[in-house]
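First the structure, in the form of structure tokens, and then the observations on it.
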Amino acid sequence: MATQSSRSAARLMMAPAVILLLGWMLAPLITTLYFSFRRYLPLRGGDQGWVGFENYTRFIGSSAFWPSIQTTLIIVGGVLVITVLLGIVLALLLDQPMWGQGIVRILVIAPFFVMPTVSALVWKNMFMDPVNGLFAQLWKFFGATPVEWLSQASLQSIIMIVSWQWLPFATLILLTAVQSLDGEQLEAAEMDGAPFIKRFWYIVLPHLGRAITIVILIQTIFLLSIFAEIFVTTGGAFGTRTLTYLIYQRVLESQNIGLGSAGGVYAIILANIVAIFLMRIVGKNLDN
Amino acid sequence: MARAVTTNRKILNTAVAWSIGLLIFFPILWTILTSFKTEAQAINDPPIFLFFDWTLENYAVVQERSNYMKFLWNSVIIAGGSTVLGLIIAVPAAWSMAFVPSRRTKDILLWMLSTKMLPAVGVLYPIYLGFIKLGLLDSRFGLVIVLMLINLPIIVWMLYTYFREIPGEILEAARMDGASLREEILYVLTPMAIPGIASTLLLNFILAWNEAFWTLNLTAVNAAPLTAFIASYSSPEGLFYAKLSAASTMAIAPILILGWFSQKQLVRGLTFGAVK
């Protein structure tokens, strides 16, 4: 069906999007690479020339580097595990016959529409505040000492806030997949006396495979760069400094552009390693 | 998967599902309720749920302290502008990928999605510097461009999955009947593509509305949208729960309502068409 002229027309239609994205990718990337090899302190002497790989070794040699990688992986991994597991449970539950299914679904989806700055502020002040927060009041009611959530259990608190934001997304997608499950197959298995666990393991879970992949892929893209949730709650203190946040501090707070840019290059490499794995999976999904 | 069940089972399902639903929704409900309390009632121990003196005072105070309408307007312009601009650029691209696919189409799509993984913080300074040089810092136009570029891969991808489902035979039939390319696009393809375009528009509007890295770092006063409006309540104002709640409710209400009305379209869009 495609003729020579329609092919060149197609190329022309694609061009603006491709050129814009190429520019958006390359221009900042090249600038970041350039700065990463220079000693550049805007407030303390400006651009002071080439320094080779000094920024790279300093960034990776700093005591904050490895902990930040660890923090990033814990937050991303923790949120993924929680949202996928709870998402499966919720999807199976919401699929059951009940009254007011539509309203329950609306309630469950709602957190997805709340902007990250708002949810971080509300959780931090109204729930996790050790004096007036709702959790503190609940703890006191049961005679326990209120927990200082964002300093004593900072990582867990942030994982909880972020999971609350992303659970709706996981649930929605898994629910869509559950609803397309073949009911007769399940019924047959049930009549043959297969217990719930076996029905779940051999029929439901394999069917959800693709949906779980999509959830992990899309969430990872967004979770690797969470910013507002940390910016508003702990400001990177109490072991919650992710790689993103560490670079942000180097660039904007210490105004060390060279060092921050070297960190940026590391972040880009890390993101690309993750991306290669994820792209393979999506690529496979594109085929069928 | 839904099967006939006993009434008892249905009652149990309903009870469990409603409890969990309300638990998940509770932080939002609590915020909305608190916004109508006085500051003293907001921190009362034990907490007061419904029986307090409802007041609109907090909304008046928040509006007085920071001009809400200006932030709201900035959010609308930035989210709306970037989404519309993104669609204008993405529709032709997705169209040609779906209807005139070549061997490289898949690679181009994957590459586009991979630009989405470029960590924003890694390129913050170059963009920041460029914005200063071009005089775009704290301008709505600058943010429209940046958010459009950030969401462009998602827009292209979503439109592509929608367009791919439009059968090519319909186009051929139209061509046989003597339709010109313009008529073909205007009268045959567009009506079929509108649902897909609508849900792409919605999802990206929401993503742009909630975006909180570039909007916080590239604005100061003039172009600051609602994300910055609410960030100004970090501390110590955050300790005034009633006012914080009023400001939060004002920031999320527009998108919450929009999202609820369009949830069916959103689900489809969110899965990139990969889950049916």
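Please note that chains go A, B, ... in the order of the structure tokens, that every chain numbers its residues from 1, and that ligands are numbered from 1 in the order shown.
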If we count only C-alpha atoms, what is near Val122 of chain A at a cut-off of 8 Å, once residues fewer than 4 positions away on the same chain are taken out, given as a PyMOL selection string?
(chain A and resi 118+126-127) or (chain B and resi 27+31+244-245+248)
Could the residues in this selection be written to a file with C-alpha atoms, as a PDB file, in the first residue's frame?
```pdb
ATOM      1  CA  VAL A 118       0.380  18.430  47.763  1.00  0.00           C
ATOM      2  CA  MET A 126      -1.243  16.272  58.820  1.00  0.00           C
ATOM      3  CA  PHE A 127      -0.343  12.610  59.208  1.00  0.00           C
TER       4      PHE A 127
ATOM      5  CA  PRO B  27      -5.999  11.489  53.164  1.00  0.00           C
ATOM      6  CA  THR B  31      -7.674  17.369  53.735  1.00  0.00           C
ATOM      7  CA  LEU B 244      -2.625  24.198  54.285  1.00  0.00           C
ATOM      8  CA  SER B 245      -5.705  22.066  53.636  1.00  0.00           C
ATOM      9  CA  SER B 248      -4.201  21.899  48.929  1.00  0.00           C
TER      10      SER B 248
END
```
Between B:Ala79, B:Ala223, B:Ala120, B:Met250, smallest distance to chain A by only C-alpha atoms belongs to B:Ala120
Of the candidates A:Pro130, A:Gly193, A:Gly260, A:Gly61, which one gets nearest to chain B if we count only C-alpha atoms?
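Using only C-alpha atoms, chain B sits closest to A:Gly260.
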